[in-house]
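A.B. asks: Provided herewith is a single structure, encoded as structure tokens, for subsequent inquiry.
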Amino acid sequence: RQFQWWRRLRFFENTGYKRHKNKDPSSSGTSWPVEGRGIWITRYSVLLLLNMDLIKLDLCCSSRKPEGFFGIDIGQFPGVDLVHDLNKGIPLPDNSCSEVRAYDAIEHIRDGLMIMKEIWRVCVDWALVDILVPSTDGRGAFQDLTHVSFYNQNSFGYWINDQAWMDYYRGPCLFNCGQLYTTPMSADNICHVVFKGWAVKNEQWLSKFNARNTL
């Protein structure tokens, strides 16, 4: 179901969102805190969320957010809409995103299982998931000391496998794979895994999963 305007308003009410007299000194009056979450959201971002049918989400967007996306990052870089530590999850409701982009992002999240499940949670059925992550086949995964989790092409095989023996690992969080490959090695021995797929949340899959996991 689409992320209707009244669901957005309820989300902000439930997270304790309200205008606050103590402004972020770095925001020049353009941001408000979401109390209890340790995050800041711009006034423009509130209007953006309230007027979008579904969100196109960019995780760890830095200053490279594509036009039309809602960007979350831990720092207040130019173009960031929501300042938030993604190690605490994605602060958006279920089924609110039509696309999730994560370029050089998930390696900065300690719990890889959690962030993939969070991506699936916020997606609607058949939402596009576009991930680029440094591969352990090269040096890029390890050379940056802010990288705290590590991936290669095989890591994504767990999320596109619908067999029962994978249920314990991924839960219902299944993705349909469109592209999965490793980029050529660069001159400085860095390569990336590219994963492009779609969240699978249709009734057929969820009924199948629930039926074989009901005691």
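Labels used: A, B, ... for chains in the order of the structure tokens, numbers from 1 for residues in each chain, and numbers from 1 for ligands as shown.
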What's the 8 Å shell around stretch 124-135 of chain A, counting only C-alpha atoms, without same-chain residues fewer than 2 positions away, as a PyMOL selection string?

C.D. replies: chain A and resi 1+94-107+121-122+137-141+150-153+182+190-202

A.B. asks: Run DSSP on the backbone of this structure and report the residues of stretch 51-160 of chain A it assigns to alpha helix (DSSP H), as a count of residues only.

C.D. replies: 16

A.B. asks: Near stretch 58-62 of chain A, within 10 Å and counting only C-alpha atoms, which residues show up once chain neighbours fewer than 3 positions away are dropped, as an MDAnalysis selection string?

C.D. replies: chainID A and resid 55 65:66 68:86 90 99:106 108:109 119 130:131

A.B. asks: For stretch 86-178 of chain A against stretch 208-215 of chain A, with a cut-off of 8 Å and counting only C-alpha atoms, what is the closest atom pair and its distance in Å to one decimal for every residue that makes the cut, ordered by chain and number, as a tab-separated table?

C.D. replies:
residue	atom	partner	partner_atom	distance
A:Ala164	CA	A:Arg212	CA	7.6
A:Asp167	CA	A:Phe209	CA	7.7
A:Pro172	CA	A:Phe209	CA	6.4

A.B. asks: Mind writing the picked residues with all heavy atoms as an mmCIF file, in the first residue's frame?

C.D. replies:
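Dumped everything to out.cif:
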data_model
loop_
_atom_site.group_PDB
_atom_site.id
_atom_site.type_symbol
_atom_site.label_atom_id
_atom_site.label_comp_id
_atom_site.auth_asym_id
_atom_site.auth_seq_id
_atom_site.Cartn_x
_atom_site.Cartn_y
_atom_site.Cartn_z
ATOM 1 N N ALA A 164 13.960 -23.270 1.961
ATOM 2 C CA ALA A 164 13.569 -23.300 3.375
ATOM 3 C C ALA A 164 14.777 -23.253 4.309
ATOM 4 O O ALA A 164 14.696 -22.660 5.400
ATOM 5 C CB ALA A 164 12.729 -24.543 3.659
ATOM 6 N N ASP A 167 15.677 -19.842 5.619
ATOM 7 C CA ASP A 167 14.694 -19.045 6.350
ATOM 8 C C ASP A 167 15.255 -18.510 7.668
ATOM 9 O O ASP A 167 14.971 -17.379 8.060
ATOM 10 C CB ASP A 167 13.429 -19.859 6.631
ATOM 11 C CG ASP A 167 12.588 -20.085 5.385
ATOM 12 O OD1 ASP A 167 12.947 -19.541 4.319
ATOM 13 O OD2 ASP A 167 11.577 -20.806 5.475
ATOM 14 N N PRO A 172 11.871 -13.587 6.323
ATOM 15 C CA PRO A 172 11.076 -13.418 5.111
ATOM 16 C C PRO A 172 11.693 -12.440 4.108
ATOM 17 O O PRO A 172 11.116 -12.186 3.052
ATOM 18 C CB PRO A 172 9.755 -12.855 5.648
ATOM 19 C CG PRO A 172 10.172 -12.075 6.855
ATOM 20 C CD PRO A 172 11.305 -12.857 7.472
#

A.B. asks: For A:Cys173, find every residue with an atom within 6 Å (counting only C-alpha atoms), except residues of its own chain fewer than 2 positions away, and show them as a PyMOL selection string.

C.D. replies: chain A and resi 117+120+170-171
